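Enquirer: Handing you a structure now.
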Amino acid sequence: MADLKVKIKNLLFKNPVLTASGTFGYGEEFEDFIALNKLGGFITKGTTLKSREGNAYPRMHETASGMLNAVGLQNKGIDYFIKTTYPKIKKLDTNIIVNVSGSTIEDYVAVAEKLNTLEKIPAIELNISCPNVKQGGMAFGTSCKSAAEVTRAIRKAYKKVLIVKLSPNVTDITEIARAAEAEGADAVSLINTLLGMAINAETRKPVLSTVTGGLSGPCIKPVALRMVWQTYKAVKIPIIGLGGIMNATDAIEFFLAGATAIQIGTANFIDPQTAVKVVKGINDYLKKHKINSVKEITGKI
Amino acid sequence: MKFIKDFKILKNTAVSGDTFILELQLKEKLPQMFPGQFAEVLISKSKKTFLRRPFSIHDVNTSKNTISLFVKKVGEGTTALSKYKTGEKVNLIFPLGKGFNLTKNKKVLLIGGGCGIAPLLYLAKCLNENKNDIHILLGGRSKEDILETEKFKKSGKVYISTENGSLCEKGLVTQNPVLKNKFDKIYSCGPMPMLKEVAKIAKQKNTECEVSLENTMACGIGVCLCCVVETTKGNQCVCTEGTVFNIKDLIWQI
């Protein structure tokens with residue numbers, strides 16, 4: 001067995017494979033398919049201060065090698081999570097990271113403060129990159145100033161590991177990454193979905209209720225890899241790479257581009273066992289190439 | 001409990017020009033499955049089909065350890081699936097969703113529009129085991145769309161409507177005279193305008209009614225949150241809270 005352990009600040013991951021927010025529920029939905037303890041960690045659905053109903057149906061459209069979604073952060077709110085979901089999942093032997101979303105800085109801070117008190121939540125992922133909500137979300141992640149502001153506020157409020165999830169819908173992602181780093185982020189995760197659109201030629205109407213949506217899946221992998229590589233050269237904090245990873249080879253490419261850990265997203269919809277297969281595949285790759293630790297390949301292109 | 005398993009194709013039978021039935025066998029013993037549940041099928045031979053495709057469980061044969069899927073060719077994925085041959089394997093996530101609530105010793109009407117008959121055959125069989133008085137109304141544009149009639153006849157009395165009048169009653173399925181009768185419960189699956197009309201009729205007659213919805217979905221297991229329908233309890237996933245809903249729980253303008 002190769003050494004698959006990676007660290008983000010003081011937080012140890014048994015392996016570098018996490019699952020991405022919005023594709024993995026709160027973990028328990030996958031218990032029939034995989035042993036969650038085999039994952040380095042999982043990131044919950046974007047969770048807000050108050051419950052949200054999300055956008056109207058239709059919210060999804062399949063595209064060439066991917067899909068568009070416009071869910072709009074439907075979730076039951078942080079209090080429901082603390083009361084109902086957390087007690088069920090806290091015994092798991094894996095890192096449970098809560099994706100924190102909001103419309104105002106005050107909302108983000110309120111959620112982060114509540115999460116400070118949960119012993120088995122060692123980290124949060126700050127979502128400043130959701131393209132499917134009218135207020136907040138991606139608006140925070142597309143300018144250095146607002147990204148810095150929200151990161152600074154959360155850094156003050158949240159004591160444990162802070163990961164900031166970045167939007168690819170910007171001119172230069174490295175500037176946003178630098179802003180997050182300067183305000184105390186412990187890591188950045190990238191990329192969230194790319195803003196896209198689908199039109200039905202027969203009805204001459206947009207397919208999604210919100211007209212635009214977030215594109216994910218293998219079709220965005222080259223963009224994600226490029227942004228991880230650019231960001232790796234721009235910041236010193238670890239990068240968690242995601243965007244269209246379907247198998248271990250894709251994951252290895254992200255490590256080579258500069259990622260310390262990776263997330264499996266849309267692939268969970270197609271094969272709910274993808275993440276554990278990727279863990280095994282990374283180990284096989286390292287053994288085959290006689291590499292002792294996964295840490296050794298980060299940024300080695 | 002949900003499973004992800006490879007099934008072997010025992011038979012792929014064309015039913016009409018654009019519909020077919022896949023009979024799929026599992027090596028190990030099939031888990032219990034309820035009518036109205038579905039499976040997410042990976043069509044790996046169609047490279048352009050990125051996501052799995054959800055199909056209702058059409059029939060279950062416990063002695064052969066098989067399930068059947070009734071599929072209509074509508075795009076590249078289903079067309080590729082129609083070409084799978086005996087002995088080939090397909091990967092399924094199953095059984096998904098909550099099925100229909102089965103009545104006992106009641107007079108029930110099943111209404112299927114087009115390929116909406118898919119979940120109704122197994123439903124009719126199970127309702128038959130529960131000693132219900134079963135009436136089955138099938139509708140389509142023309143006689144070519146009225147399928148599986150002989151199989152349905154084994155479980156109950158069959159009524160038919162065609163829009164062009166090429167078979168039995170002319171008109172929409174929701175105009176069939178059988179709907180004038182009183183039933184204890186109506187079960188239905190088909191296109192949305194039809195389901196809404198069925199729901200309207202059931203509501204007027206104060207008859208309990210369950211409908212199976214076909215919202216577009218990605219995961220099938222309640223995590224992508226794409227297939228939601230508005231209910232009295234807020235947006236709910238059709239894949240996990242449905243696909244069957246009691247019409248009193250749906251916020252439909254009917």
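Here's how to read the names in the structure tokens: chain A, B, ... by the order shown, residue numbers from 1 in each chain, ligand numbers from 1 in the order shown.
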Select from chain B every residue with an atom at most 12 Å from any atom of chain A, then for each give the shortest pair of atoms and their distance in Å to one decimal, using only C-alpha atoms, rows by chain and rising number, as CSV.
Expert:
residue,atom,partner,partner_atom,distance
B:Met1,CA,A:Asp32,CA,6.3
B:Lys2,CA,A:Asp32,CA,5.9
B:Phe3,CA,A:Asp32,CA,6.8
B:Ile4,CA,A:Phe33,CA,7.0
B:Lys5,CA,A:Phe33,CA,10.3
B:Glu40,CA,A:Ile270,CA,9.0
B:Val41,CA,A:Ile270,CA,9.3
B:Leu42,CA,A:Ile270,CA,7.5
B:Ile43,CA,A:Ile270,CA,10.4
B:Ser44,CA,A:Ile270,CA,10.5
B:Ser46,CA,A:Ser65,CA,11.6
B:Lys47,CA,A:Ser65,CA,8.7
B:Lys48,CA,A:Ala64,CA,6.6
B:Thr49,CA,A:Ser65,CA,7.9
B:Phe50,CA,A:Ser65,CA,5.7
B:Leu51,CA,A:Ile270,CA,5.8
B:Arg52,CA,A:Ile270,CA,6.1
B:Arg53,CA,A:Ile270,CA,9.7
B:Pro54,CA,A:Ile270,CA,11.6
B:Gly77,CA,A:Glu62,CA,11.8
B:Asn91,CA,A:Asp271,CA,9.7
B:Leu92,CA,A:Asp271,CA,9.9
B:Ile93,CA,A:Asp271,CA,8.9
B:Phe94,CA,A:Asp32,CA,10.8
B:Pro95,CA,A:Asp32,CA,11.6
B:Leu96,CA,A:Asp32,CA,11.9
B:Glu214,CA,A:Pro58,CA,11.8
B:Asn215,CA,A:Pro58,CA,8.2
B:Thr216,CA,A:Met60,CA,7.1
B:Met217,CA,A:Met60,CA,7.1
B:Ala218,CA,A:Phe269,CA,6.3
B:Cys219,CA,A:Phe269,CA,4.4
B:Gly220,CA,A:Phe269,CA,7.8
B:Ile221,CA,A:Glu29,CA,6.9
B:Gly222,CA,A:Glu29,CA,7.4
B:Val223,CA,A:Gly25,CA,4.7
B:Cys224,CA,A:Thr23,CA,5.6
B:Leu225,CA,A:Val71,CA,6.5
B:Cys226,CA,A:Arg59,CA,5.1
B:Cys227,CA,A:Tyr57,CA,7.1
B:Val228,CA,A:Tyr57,CA,6.4
B:Val229,CA,A:Tyr57,CA,7.1
B:Glu230,CA,A:Ala56,CA,8.5
B:Thr231,CA,A:Glu53,CA,11.1
B:Lys233,CA,A:Glu53,CA,10.3
B:Gly234,CA,A:Glu53,CA,6.8
B:Asn235,CA,A:Glu53,CA,6.1
B:Gln236,CA,A:Glu53,CA,9.2
B:Cys237,CA,A:Tyr57,CA,10.6
B:Val238,CA,A:Tyr57,CA,11.2
B:Thr240,CA,A:Glu29,CA,10.3
Enquirer: Save out the residues we just selected, C-alpha atoms, as a short mmCIF file (atom, residue, chain, number, x, y, z; two decimals), in the first residue's frame.
Expert:
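Now in result33.cif:
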data_model
loop_
_atom_site.label_atom_id
_atom_site.label_comp_id
_atom_site.auth_asym_id
_atom_site.auth_seq_id
_atom_site.Cartn_x
_atom_site.Cartn_y
_atom_site.Cartn_z
CA MET B 1 -31.69 -1.30 0.52
CA LYS B 2 -30.49 -0.28 -2.92
CA PHE B 3 -28.09 -2.28 -5.07
CA ILE B 4 -25.74 -1.72 -7.98
CA LYS B 5 -25.48 -4.92 -10.03
CA GLU B 40 -31.28 3.49 -13.25
CA VAL B 41 -29.70 1.79 -16.24
CA LEU B 42 -26.18 2.47 -17.48
CA ILE B 43 -26.17 2.34 -21.29
CA SER B 44 -22.43 1.97 -21.64
CA SER B 46 -23.87 4.55 -26.13
CA LYS B 47 -20.92 6.85 -25.59
CA LYS B 48 -23.12 9.90 -26.06
CA THR B 49 -25.38 8.87 -23.20
CA PHE B 50 -23.65 10.37 -20.19
CA LEU B 51 -26.14 9.78 -17.39
CA ARG B 52 -28.01 6.63 -16.48
CA ARG B 53 -31.58 6.34 -17.72
CA PRO B 54 -34.45 5.61 -15.34
CA GLY B 77 -29.56 6.01 -25.32
CA ASN B 91 -25.52 -2.36 -14.98
CA LEU B 92 -28.49 -1.28 -12.87
CA ILE B 93 -28.99 0.67 -9.68
CA PHE B 94 -32.21 -0.64 -8.18
CA PRO B 95 -34.82 -0.80 -6.76
CA LEU B 96 -35.35 2.95 -6.52
CA GLU B 214 -41.40 10.92 -14.89
CA ASN B 215 -39.38 14.05 -14.06
CA THR B 216 -35.93 14.31 -15.63
CA MET B 217 -33.34 13.09 -13.16
CA ALA B 218 -29.63 12.54 -12.88
CA CYS B 219 -28.77 10.40 -9.85
CA GLY B 220 -31.97 8.54 -8.95
CA ILE B 221 -30.94 8.39 -5.28
CA GLY B 222 -31.95 11.80 -3.96
CA VAL B 223 -28.66 13.68 -4.05
CA CYS B 224 -28.65 15.79 -7.21
CA LEU B 225 -32.05 17.31 -6.33
CA CYS B 226 -32.87 17.84 -10.02
CA CYS B 227 -36.15 15.88 -10.34
CA VAL B 228 -38.20 17.80 -7.79
CA VAL B 229 -41.94 18.30 -7.82
CA GLU B 230 -43.83 20.85 -5.73
CA THR B 231 -45.71 19.18 -2.91
CA LYS B 233 -44.26 19.55 2.04
CA GLY B 234 -42.14 21.68 -0.33
CA ASN B 235 -40.00 20.54 -3.24
CA GLN B 236 -39.51 16.78 -3.08
CA CYS B 237 -37.37 14.48 -5.18
CA VAL B 238 -39.44 12.35 -7.53
CA THR B 240 -36.83 9.12 -3.61
#
Enquirer: To test your reading of the structure, identify every residue in segment 104-222 of chain A that backbone DSSP assigns to strand (DSSP E or B), and report it as a PyMOL selection string.
Expert: chain A and resi 123-127+161-165+187-190+194-197+199-200+205-206+212-216
Enquirer: Nearest to Leu121 of chain B: which of B:Lys143, B:His58, B:Lys104, B:Lys182 is it, counting only C-alpha atoms?
Expert: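 The answer is B:His58, which sits nearest to Leu121 of chain B.
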Enquirer: So how many Å separate atom CA of Lys248 of chain B and atom CA of Pro193 of chain B, to one decimal?
Expert: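 A separation of 16.9 Å between them.
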Enquirer: Mind pulling up the distance from atom CA of Val74 of chain B to atom CA of Ala14 of chain B?
Expert: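 Interatomic distance here is 14.4 Å.
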Enquirer: Quote the spacing between atom CA of Lys11 of chain B and atom CA of Thr86 of chain B in Å to one decimal place.
Expert: 5.4 Å
Enquirer: Would you mind listing what lies within 12 Å of Ile199 of chain A as an MDAnalysis selection string, with only C-alpha atoms counted and same-chain residues fewer than 4 positions away left out?
Expert: chainID A and resid 61:63 68 203:213
Enquirer: Go ahead and write the residues just picked, N, CA and C atoms, as a compact mmCIF listing (two decimals), in the first residue's frame.
Expert:
# COMPACT_ATOMS: atom_id res chain seq x y z
N HIS A 61 -30.17 19.32 -17.31
CA HIS A 61 -30.14 18.98 -18.73
C HIS A 61 -28.83 18.27 -19.04
N GLU A 62 -28.93 17.11 -19.67
CA GLU A 62 -27.72 16.39 -20.06
C GLU A 62 -27.08 17.08 -21.25
N THR A 63 -25.76 17.17 -21.24
CA THR A 63 -25.04 17.77 -22.36
C THR A 63 -24.01 16.76 -22.85
N LEU A 68 -25.95 20.11 -17.13
CA LEU A 68 -26.21 21.42 -16.55
C LEU A 68 -27.15 21.22 -15.38
N THR A 203 -39.15 23.93 -29.07
CA THR A 203 -40.04 24.85 -28.34
C THR A 203 -39.52 26.29 -28.40
N ARG A 204 -38.26 26.45 -28.83
CA ARG A 204 -37.59 27.76 -28.89
C ARG A 204 -37.56 28.43 -27.52
N LYS A 205 -37.39 27.59 -26.51
CA LYS A 205 -37.34 28.09 -25.13
C LYS A 205 -36.08 27.54 -24.45
N PRO A 206 -35.60 28.25 -23.42
CA PRO A 206 -34.50 27.67 -22.63
C PRO A 206 -34.99 26.40 -21.94
N VAL A 207 -34.09 25.45 -21.72
CA VAL A 207 -34.48 24.19 -21.09
C VAL A 207 -34.66 24.38 -19.58
N LEU A 208 -33.73 25.09 -18.96
CA LEU A 208 -33.76 25.23 -17.50
C LEU A 208 -34.69 26.36 -17.08
N SER A 209 -35.34 26.19 -15.93
CA SER A 209 -36.28 27.21 -15.44
C SER A 209 -35.57 28.54 -15.20
N THR A 210 -34.27 28.46 -14.90
CA THR A 210 -33.50 29.67 -14.58
C THR A 210 -32.73 30.19 -15.80
N VAL A 211 -32.97 29.61 -16.96
CA VAL A 211 -32.28 29.89 -18.23
C VAL A 211 -30.83 29.40 -18.19
N THR A 212 -30.03 29.92 -17.26
CA THR A 212 -28.63 29.46 -17.17
C THR A 212 -28.48 28.46 -16.03
N GLY A 213 -27.40 27.68 -16.12
CA GLY A 213 -27.14 26.69 -15.07
C GLY A 213 -25.66 26.40 -14.99
Enquirer: Can you tell me which residues surround Ile240 of chain A at a distance of at most 8 Å, considering only C-alpha atoms, apart from same-chain residues fewer than 3 positions away, and format the answer as a PyMOL selection string?
Expert: chain A and resi 187-190+259-263
Enquirer: Output the selection as a compact mmCIF listing (two decimals), in the first residue's frame - C-alpha atoms for each residue.
Expert:
# COMPACT_ATOMS: atom_id res chain seq x y z
CA ALA A 187 -6.96 25.70 1.15
CA VAL A 188 -8.88 26.43 -2.01
CA SER A 189 -11.08 23.99 -3.91
CA LEU A 190 -11.63 24.47 -7.60
CA ALA A 259 -3.75 19.42 -6.46
CA THR A 260 -3.09 17.99 -2.99
CA ALA A 261 -6.47 16.30 -2.88
CA ILE A 262 -9.35 15.85 -5.30
CA GLN A 263 -13.12 15.67 -5.26
Enquirer: I want to know what sits within 10 Å of Gly140 of chain B, based on only C-alpha atoms, with residues of the same chain fewer than 2 positions away left out; could you give that as number ranges by chain?
Expert: B: 112-116, 138, 142-147, 160-165, 167, 171-173, 190
Enquirer: Do a neighbour search on Gly137 of chain A at 8 Å with only C-alpha atoms, toss out local chain neighbours closer than 5 positions, and write the hits as a short mmCIF file (atom, residue, chain, number, x, y, z; two decimals) with all heavy atoms, in the first residue's frame.
Expert:
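Final file, selection-v5.cif:
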data_model
loop_
_atom_site.label_atom_id
_atom_site.label_comp_id
_atom_site.auth_asym_id
_atom_site.auth_seq_id
_atom_site.Cartn_x
_atom_site.Cartn_y
_atom_site.Cartn_z
N SER A 101 -23.05 27.89 2.49
CA SER A 101 -23.50 28.81 1.45
C SER A 101 -24.35 29.91 2.08
O SER A 101 -24.86 29.73 3.19
CB SER A 101 -24.31 28.07 0.40
OG SER A 101 -23.52 27.04 -0.17
N GLY A 102 -24.50 30.99 1.35
CA GLY A 102 -25.31 32.08 1.91
C GLY A 102 -25.55 33.19 0.93
O GLY A 102 -24.97 33.22 -0.17
N SER A 103 -26.43 34.12 1.31
CA SER A 103 -26.73 35.27 0.47
C SER A 103 -26.08 36.54 0.99
O SER A 103 -25.92 37.50 0.24
CB SER A 103 -28.25 35.52 0.41
OG SER A 103 -28.94 34.33 0.25
N ASN A 127 -18.65 28.24 0.15
CA ASN A 127 -19.11 28.24 -1.24
C ASN A 127 -19.37 29.67 -1.69
O ASN A 127 -20.42 30.23 -1.41
CB ASN A 127 -20.38 27.38 -1.33
CG ASN A 127 -20.92 27.27 -2.74
OD1 ASN A 127 -20.34 27.82 -3.68
ND2 ASN A 127 -22.01 26.56 -2.90
N ILE A 128 -18.40 30.23 -2.39
CA ILE A 128 -18.62 31.58 -2.94
C ILE A 128 -18.70 31.49 -4.46
O ILE A 128 -18.33 32.39 -5.20
CB ILE A 128 -17.52 32.57 -2.50
CG1 ILE A 128 -16.12 32.05 -2.87
CG2 ILE A 128 -17.61 32.85 -1.02
CD1 ILE A 128 -15.02 33.11 -2.75
N SER A 129 -19.25 30.35 -4.91
CA SER A 129 -19.17 30.08 -6.35
C SER A 129 -20.40 29.41 -6.92
O SER A 129 -20.37 28.91 -8.03
CB SER A 129 -17.94 29.23 -6.63
OG SER A 129 -17.80 28.21 -5.65
N CYS A 130 -21.52 29.39 -6.17
CA CYS A 130 -22.73 28.76 -6.73
C CYS A 130 -23.32 29.67 -7.80
O CYS A 130 -23.70 30.80 -7.52
CB CYS A 130 -23.78 28.51 -5.66
SG CYS A 130 -25.30 27.83 -6.37
N PRO A 131 -23.45 29.18 -9.05
CA PRO A 131 -23.95 30.06 -10.12
C PRO A 131 -25.47 30.12 -10.17
O PRO A 131 -26.02 30.83 -11.00
CB PRO A 131 -23.40 29.39 -11.37
CG PRO A 131 -23.34 27.95 -11.04
CD PRO A 131 -23.09 27.86 -9.56
N ASN A 132 -26.17 29.37 -9.30
CA ASN A 132 -27.61 29.20 -9.48
C ASN A 132 -28.48 29.94 -8.49
O ASN A 132 -29.65 29.64 -8.33
CB ASN A 132 -27.97 27.71 -9.45
CG ASN A 132 -27.38 26.98 -10.63
OD1 ASN A 132 -27.32 27.54 -11.72
ND2 ASN A 132 -26.93 25.78 -10.41
#
Enquirer: Can you pull out every residue from segment 99-235 of chain A that DSSP, working from the backbone, puts in alpha helix (DSSP H), and format the result as an MDAnalysis selection string?
Expert: chainID A and resid 105:116 138:141 144:157 173:182 221:234
Enquirer: So that I can check the surroundings of Pro168 of chain A, please list as a list of chain:residue names every protein, DNA and RNA residue that reaches within 9 Å of it, counting only C-alpha atoms and ignoring chain neighbours fewer than 6 positions away.
Expert: A:Ser129, A:Thr142, A:Leu190, A:Ile191, A:Asn192, A:Thr193, A:Leu194, A:Leu195, A:Val223, A:Ala224, A:Met227
